[in-house]
file upload.txt (compact mmCIF, C-alpha atoms)
# COMPACT_ATOMS: atom_id res chain seq x y z
CA VAL A 251 89.64 140.90 279.30
CA ARG A 252 89.60 140.99 283.10
CA ARG A 253 88.46 144.59 283.08
CA GLN A 254 85.66 143.84 280.62
CA LEU A 255 84.44 140.91 282.70
CA GLU A 256 84.46 143.07 285.83
CA ASN A 257 82.46 145.71 283.95
CA LEU A 258 79.96 143.08 282.77
CA ARG A 259 79.45 141.88 286.34
CA ALA A 260 78.88 145.46 287.52
CA ILE A 261 76.39 146.14 284.71
CA VAL A 262 74.36 143.01 285.47
CA ASN A 263 74.31 143.73 289.22
CA PHE A 264 73.28 147.34 288.56
CA ALA A 265 70.49 146.22 286.21
CA GLU A 266 69.18 143.86 288.91
CA LEU A 267 69.33 146.65 291.50
CA LYS A 268 67.24 148.90 289.24
CA GLY A 269 64.68 146.12 288.61
CA LYS A 270 65.54 145.72 284.93
CA LEU A 271 66.90 142.18 285.30
CA ASP A 272 66.12 139.14 287.42
CA LYS A 273 69.07 136.84 288.15
CA GLY A 274 66.91 134.47 290.19
CA ARG A 275 68.84 135.22 293.40
CA ARG A 276 72.04 133.87 291.89
CA ASP A 277 75.42 135.53 291.93
CA LEU A 278 77.51 136.00 288.85
CA ASP A 279 80.31 133.70 289.80
CA TYR A 280 82.74 133.21 286.96
CA ALA A 281 86.49 132.95 287.03
CA LEU A 282 88.50 136.05 286.21
CA PRO A 283 91.92 135.92 284.61
CA PRO A 284 94.76 136.91 286.93
CA LYS A 285 95.55 140.61 287.25
CA PRO A 286 98.39 141.73 285.01
CA LYS A 287 101.71 142.54 286.63
CA ALA A 288 102.32 146.19 287.41
CA ARG A 289 104.51 148.06 284.98
CA PHE A 290 107.82 148.80 286.58
CA HIS A 291 109.62 151.24 284.32
CA TYR A 292 111.12 154.54 285.33
CA TYR A 293 113.53 157.16 284.07
CA THR A 294 116.94 157.40 285.66
CA ARG A 295 118.25 160.81 286.64
CA ASP A 296 120.68 160.75 283.70
CA GLU A 297 117.89 159.89 281.26
CA VAL A 298 115.75 162.78 282.51
CA ALA A 299 118.70 165.15 282.20
CA LYS A 300 119.41 163.94 278.67
CA LEU A 301 115.76 164.42 277.67
CA VAL A 302 115.61 167.94 279.15
CA TRP A 303 118.87 169.09 277.56
CA THR A 304 118.00 167.62 274.18
CA ALA A 305 114.55 169.22 274.24
CA TYR A 306 115.92 172.57 275.34
CA ARG A 307 118.66 172.69 272.70
CA ARG A 308 116.63 171.34 269.77
CA LYS A 309 116.32 173.87 266.94
CA ASN A 310 114.58 174.13 263.63
CA ASP A 311 117.38 174.92 261.18
CA VAL A 312 115.31 175.50 258.08
CA MET A 313 117.77 178.06 256.73
CA GLY A 314 120.80 175.95 257.70
CA CYS A 315 122.66 178.77 259.44
CA GLY A 316 122.48 177.31 262.97
CA ALA A 317 120.45 180.20 264.38
CA GLY A 318 117.08 178.48 264.10
CA HIS A 319 114.11 178.80 266.43
CA LYS A 320 114.07 176.53 269.49
CA THR A 321 111.17 174.17 268.92
CA SER A 322 111.03 171.95 272.00
CA VAL A 323 111.43 174.25 275.00
CA HIS A 324 107.82 173.50 275.97
CA ILE A 325 108.68 169.78 276.18
CA ALA A 326 111.63 170.51 278.48
CA ARG A 327 109.25 172.50 280.72
CA PHE A 328 106.79 169.61 280.68
CA ILE A 329 109.47 167.11 281.73
CA LEU A 330 110.77 169.31 284.56
CA THR A 331 107.28 169.94 285.93
CA ALA A 332 106.31 166.27 285.72
CA VAL A 333 109.45 165.07 287.47
CA TYR A 334 109.37 167.66 290.26
CA THR A 335 105.63 167.50 291.03
CA GLY A 336 104.52 164.02 289.93
CA THR A 337 101.54 165.59 288.15
CA ARG A 338 99.64 163.87 285.34
CA ALA A 339 100.41 164.98 281.80
CA GLU A 340 96.97 166.45 281.05
CA ARG A 341 97.04 168.60 284.19
CA ILE A 342 100.43 170.02 283.28
CA GLU A 343 99.36 170.77 279.71
CA GLU A 344 96.21 172.59 280.85
CA ALA A 345 97.87 174.65 283.59
CA SER A 346 97.96 178.43 283.49
CA PHE A 347 100.03 180.96 285.40
CA ASP A 348 96.86 183.05 285.79
CA ARG A 349 93.70 181.89 287.51
CA GLU A 350 91.29 180.99 284.69
CA ASP A 351 87.98 179.16 284.66
CA GLY A 352 88.34 175.52 283.67
CA ARG A 353 92.13 175.35 284.06
CA PRO A 354 94.54 174.22 286.77
CA TRP A 355 96.69 177.15 287.83
CA ILE A 356 100.02 177.95 289.41
CA ASP A 357 100.28 180.43 292.26
CA LEU A 358 103.86 181.68 291.98
CA GLU A 359 103.51 183.96 295.02
CA ARG A 360 102.80 181.09 297.41
CA GLY A 361 104.53 178.36 295.38
CA ILE A 362 101.48 176.11 294.99
CA PHE A 363 100.31 174.22 291.91
CA PHE A 364 96.50 173.93 292.08
CA ARG A 365 96.09 170.87 289.89
CA LYS A 366 92.32 171.11 289.57
CA TYR A 367 90.26 174.19 288.91
CA ASP A 368 87.68 175.60 291.33
CA GLY A 369 84.59 173.42 291.53
CA GLU A 370 86.06 170.50 289.58
CA VAL A 371 85.24 167.03 290.87
CA THR A 372 87.97 164.48 290.22
CA PRO A 373 88.04 160.72 290.87
CA THR A 374 89.96 159.78 294.01
CA ASN A 375 92.44 157.69 292.02
CA LYS A 376 93.43 160.66 289.81
CA ARG A 377 94.87 162.67 292.74
CA ALA A 378 94.69 166.31 291.75
CA ASP A 379 95.28 167.86 295.18
CA PRO A 380 97.27 171.11 295.37
CA VAL A 381 101.00 170.46 295.58
CA ARG A 382 103.84 172.64 296.82
CA ILE A 383 106.27 173.50 294.04
CA PRO A 384 109.89 172.66 294.93
CA LYS A 385 112.14 175.73 295.05
CA PRO A 386 114.31 174.91 291.99
CA LEU A 387 111.22 174.42 289.82
CA LEU A 388 109.55 177.51 291.27
CA GLU A 389 112.51 179.64 290.20
CA HIS A 390 112.28 178.22 286.68
CA MET A 391 108.53 178.91 286.56
CA LYS A 392 108.99 182.52 287.63
CA ARG A 393 111.48 182.98 284.79
CA TRP A 394 109.13 181.33 282.30
CA LYS A 395 106.26 183.62 283.30
CA LYS A 396 108.44 186.74 283.24
CA GLY A 397 110.01 185.96 279.86
CA LYS A 398 113.30 187.12 278.40
CA PRO A 399 114.09 190.82 278.09
CA GLY A 400 112.20 192.22 275.13
CA LYS A 401 109.98 189.13 274.83
CA GLN A 402 106.58 188.39 276.32
CA GLY A 403 106.45 185.88 279.16
CA ALA A 404 104.39 182.71 279.21
CA ARG A 405 100.70 182.71 280.05
CA TYR A 406 100.44 178.91 280.14
CA LEU A 407 102.85 176.43 281.66
CA ILE A 408 103.14 174.43 278.41
CA GLU A 409 102.70 176.68 275.43
CA TYR A 410 104.03 176.96 271.92
CA GLN A 411 103.83 180.29 270.14
CA GLY A 412 101.54 181.65 272.89
CA ARG A 413 98.97 178.83 272.81
CA PRO A 414 98.58 175.87 275.19
CA VAL A 415 99.60 172.65 273.44
CA THR A 416 99.91 168.94 274.01
CA THR A 417 103.32 167.32 274.28
CA ARG A 418 102.28 163.87 273.06
CA LYS A 419 103.80 163.88 269.56
CA GLY A 420 106.78 166.04 270.48
CA PHE A 421 107.68 163.86 273.45
CA TYR A 422 107.40 160.73 271.33
CA SER A 423 109.82 162.04 268.70
CA LEU A 424 112.16 163.28 271.43
CA LYS A 425 112.36 159.92 273.22
CA MET A 426 112.90 158.13 269.90
CA GLU A 427 115.79 160.51 269.19
CA VAL A 428 117.38 160.22 272.65
CA PHE A 429 116.96 156.52 273.51
CA GLU A 430 117.61 153.25 271.78
CA GLU A 431 114.50 151.68 270.25
CA ILE A 432 114.14 148.98 272.93
CA ARG A 433 114.29 151.48 275.79
CA ALA A 434 112.06 153.99 274.02
CA LYS A 435 109.30 151.37 273.60
CA VAL A 436 108.87 150.77 277.34
CA LEU A 437 108.97 154.44 278.38
CA ASN A 438 106.35 157.08 277.70
CA ARG A 439 105.49 160.55 278.97
CA HIS A 440 103.42 159.12 281.83
CA THR A 441 106.29 157.03 283.20
call {"tool": "encode", "arguments": {"input": "upload.txt", "output": "structure tokens"}}
result
Amino acid sequence: VRRQLENLRAIVNFAELKGKLDKGRRDLDYALPPKPKARFHYYTRDEVAKLVWTAYRRKNDVMGCGAGHKTSVHIARFILTAVYTGTRAERIEEASFDREDGRPWIDLERGIFFRKYDGEVTPTNKRADPVRIPKPLLEHMKRWKKGKPGKQGARYLIEYQGRPVTTRKGFYSLKMEVFEEIRAKVLNRHT
């Protein structure tokens, strides 16, 4: 409600500035509800490790023989990148190992994650400045791009079957599997 009242005040003041409204030289002076308390939830180191290992080991055992395809490796990569760089989820999901128009990209030679693409204008509160990639994560990323022997490497940071994907649904099911219901409700992929 507070946000909507602030927006209403801004709209009325803007309309007056443009000559579309006359307030009669009065200010909009109404009481706003108090600001909500900041959310203070975070993952512990053990919780992050449990999420990464569960995501990395998760398999689709359709045939029941235990040799199924790993289905959540991309979520493990997402978690590692988010924790090491503090980057927003959408930026991680859009990132490419190659410089492409309209995508953030990762320079593995210099170890820099360019979180916005060339020419993109971002709000100051969304902080998409380039960030240096910590050495442990950089080594992982080089392996991901190179790929396993006999298999093609990754083109995108978060990809599934060669295509960039979102981690929203997969992360939700992962956290519900790993954590108790009460803990899972207060944590999300942006935490």
call {"tool": "residues_around", "arguments": {"input": "upload.txt", "residues": "Ile408 in chain A", "least_positions_apart": "4", "cutoff": "8 Å", "atoms": "only C-alpha atoms", "output": "PyMOL selection string"}}
result
chain A and resi 324-325+327-328+342-345+414-416
call {"tool": "residues_around", "arguments": {"input": "upload.txt", "residues": "Arg253 in chain A", "least_positions_apart": "2", "cutoff": "12 Å", "atoms": "all atoms listed in the file", "output": "ChimeraX atom specification"}}
result
/A:251,255-260,282-286
call {"tool": "residues_around", "arguments": {"input": "upload.txt", "residues": "Thr331 in chain A", "least_positions_apart": "4", "cutoff": "9 Å", "atoms": "all atoms listed in the file", "output": "PyMOL selection string"}}
result
chain A and resi 326-327+335-337+342+383+387+407
call {"tool": "atom_distance", "arguments": {"input": "upload.txt", "atom1": "CA of Lys435 in chain A", "atom2": "CA of Asn375 in chain A"}}
result
25.8 Å
call {"tool": "residues_around", "arguments": {"input": "upload.txt", "residues": "Ala434 in chain A", "least_positions_apart": "3", "cutoff": "10 Å", "atoms": "only C-alpha atoms", "output": "list in words"}}
result
Tyr422, Ser423, Leu424, Lys425, Met426, Glu427, Val428, Phe429, Glu430, Glu431, Leu437 and Asn438 of chain A
call {"tool": "closest_residue", "arguments": {"input": "upload.txt", "among": "A:Asn263, A:Lys273, A:Ser346, A:Glu359", "to": "Gly412 in chain A", "atoms": "all atoms listed in the file"}}
result
A:Ser346
call {"tool": "axis_aligned_box", "arguments": {"input": "upload.txt", "around": "range 324-330 of chain A", "padding_each_side": "5 Å", "output": "AutoDock Vina command-line options"}}
result
--center_x 109.2 --center_y 170.3 --center_z 280.3 --size_x 14.8 --size_y 16.4 --size_z 18.6
call {"tool": "residues_around", "arguments": {"input": "upload.txt", "residues": "Arg393 in chain A", "least_positions_apart": "3", "cutoff": "12 Å", "atoms": "all atoms listed in the file", "output": "ChimeraX atom specification"}}
result
/A:327,347,358,386-390,396-399,401-405,407
call {"tool": "atom_distance", "arguments": {"input": "upload.txt", "atom1": "CA of Phe290 in chain A", "atom2": "CA of Val436 in chain A"}}
result
9.5 Å
call {"tool": "atom_distance", "arguments": {"input": "upload.txt", "atom1": "CA of Arg307 in chain A", "atom2": "CA of Ile329 in chain A"}}
result
14.0 Å
call {"tool": "closest_residue", "arguments": {"input": "upload.txt", "among": "A:Arg433, A:Lys268, A:Arg360, A:Arg418", "to": "Ser322 in chain A", "atoms": "all atoms listed in the file"}}
result
A:Arg418
call {"tool": "build_atoms", "arguments": {"input": "upload.txt", "residues": "range 358-369 of chain A", "atoms": "N, CA, C and O atoms", "output": "PDB file, in the coordinates of the input"}}
result
ATOM      1  N   LEU A 358     102.419 181.482 291.818  1.00  0.00           N
ATOM      2  CA  LEU A 358     103.860 181.680 291.980  1.00  0.00           C
ATOM      3  C   LEU A 358     104.206 182.436 293.259  1.00  0.00           C
ATOM      4  O   LEU A 358     105.321 182.321 293.763  1.00  0.00           O
ATOM      5  N   GLU A 359     103.267 183.214 293.780  1.00  0.00           N
ATOM      6  CA  GLU A 359     103.510 183.960 295.020  1.00  0.00           C
ATOM      7  C   GLU A 359     103.663 183.004 296.206  1.00  0.00           C
ATOM      8  O   GLU A 359     104.561 183.160 297.017  1.00  0.00           O
ATOM      9  N   ARG A 360     102.774 182.038 296.300  1.00  0.00           N
ATOM     10  CA  ARG A 360     102.800 181.090 297.410  1.00  0.00           C
ATOM     11  C   ARG A 360     103.513 179.788 297.072  1.00  0.00           C
ATOM     12  O   ARG A 360     103.734 178.954 297.951  1.00  0.00           O
ATOM     13  N   GLY A 361     103.830 179.573 295.796  1.00  0.00           N
ATOM     14  CA  GLY A 361     104.530 178.360 295.380  1.00  0.00           C
ATOM     15  C   GLY A 361     103.668 177.128 295.426  1.00  0.00           C
ATOM     16  O   GLY A 361     104.118 176.059 295.861  1.00  0.00           O
ATOM     17  N   ILE A 362     102.415 177.246 294.959  1.00  0.00           N
ATOM     18  CA  ILE A 362     101.480 176.110 294.990  1.00  0.00           C
ATOM     19  C   ILE A 362     100.920 175.883 293.587  1.00  0.00           C
ATOM     20  O   ILE A 362     100.532 176.816 292.902  1.00  0.00           O
ATOM     21  N   PHE A 363     100.893 174.630 293.185  1.00  0.00           N
ATOM     22  CA  PHE A 363     100.310 174.220 291.910  1.00  0.00           C
ATOM     23  C   PHE A 363      98.924 173.647 292.238  1.00  0.00           C
ATOM     24  O   PHE A 363      98.806 172.571 292.811  1.00  0.00           O
ATOM     25  N   PHE A 364      97.867 174.391 291.896  1.00  0.00           N
ATOM     26  CA  PHE A 364      96.500 173.930 292.080  1.00  0.00           C
ATOM     27  C   PHE A 364      96.142 173.092 290.863  1.00  0.00           C
ATOM     28  O   PHE A 364      95.831 173.620 289.806  1.00  0.00           O
ATOM     29  N   ARG A 365      96.195 171.767 291.035  1.00  0.00           N
ATOM     30  CA  ARG A 365      96.090 170.870 289.890  1.00  0.00           C
ATOM     31  C   ARG A 365      94.671 170.624 289.405  1.00  0.00           C
ATOM     32  O   ARG A 365      94.479 169.981 288.392  1.00  0.00           O
ATOM     33  N   LYS A 366      93.690 171.133 290.101  1.00  0.00           N
ATOM     34  CA  LYS A 366      92.320 171.110 289.570  1.00  0.00           C
ATOM     35  C   LYS A 366      91.741 172.500 289.732  1.00  0.00           C
ATOM     36  O   LYS A 366      92.128 173.252 290.626  1.00  0.00           O
ATOM     37  N   TYR A 367      90.842 172.849 288.852  1.00  0.00           N
ATOM     38  CA  TYR A 367      90.260 174.190 288.910  1.00  0.00           C
ATOM     39  C   TYR A 367      89.123 174.215 289.930  1.00  0.00           C
ATOM     40  O   TYR A 367      88.631 173.184 290.380  1.00  0.00           O
ATOM     41  N   ASP A 368      88.718 175.420 290.316  1.00  0.00           N
ATOM     42  CA  ASP A 368      87.680 175.600 291.330  1.00  0.00           C
ATOM     43  C   ASP A 368      86.383 174.909 290.906  1.00  0.00           C
ATOM     44  O   ASP A 368      85.901 175.106 289.795  1.00  0.00           O
ATOM     45  N   GLY A 369      85.850 174.093 291.792  1.00  0.00           N
ATOM     46  CA  GLY A 369      84.590 173.420 291.530  1.00  0.00           C
ATOM     47  C   GLY A 369      84.706 172.114 290.770  1.00  0.00           C
ATOM     48  O   GLY A 369      83.711 171.425 290.578  1.00  0.00           O
TER      49      GLY A 369
END
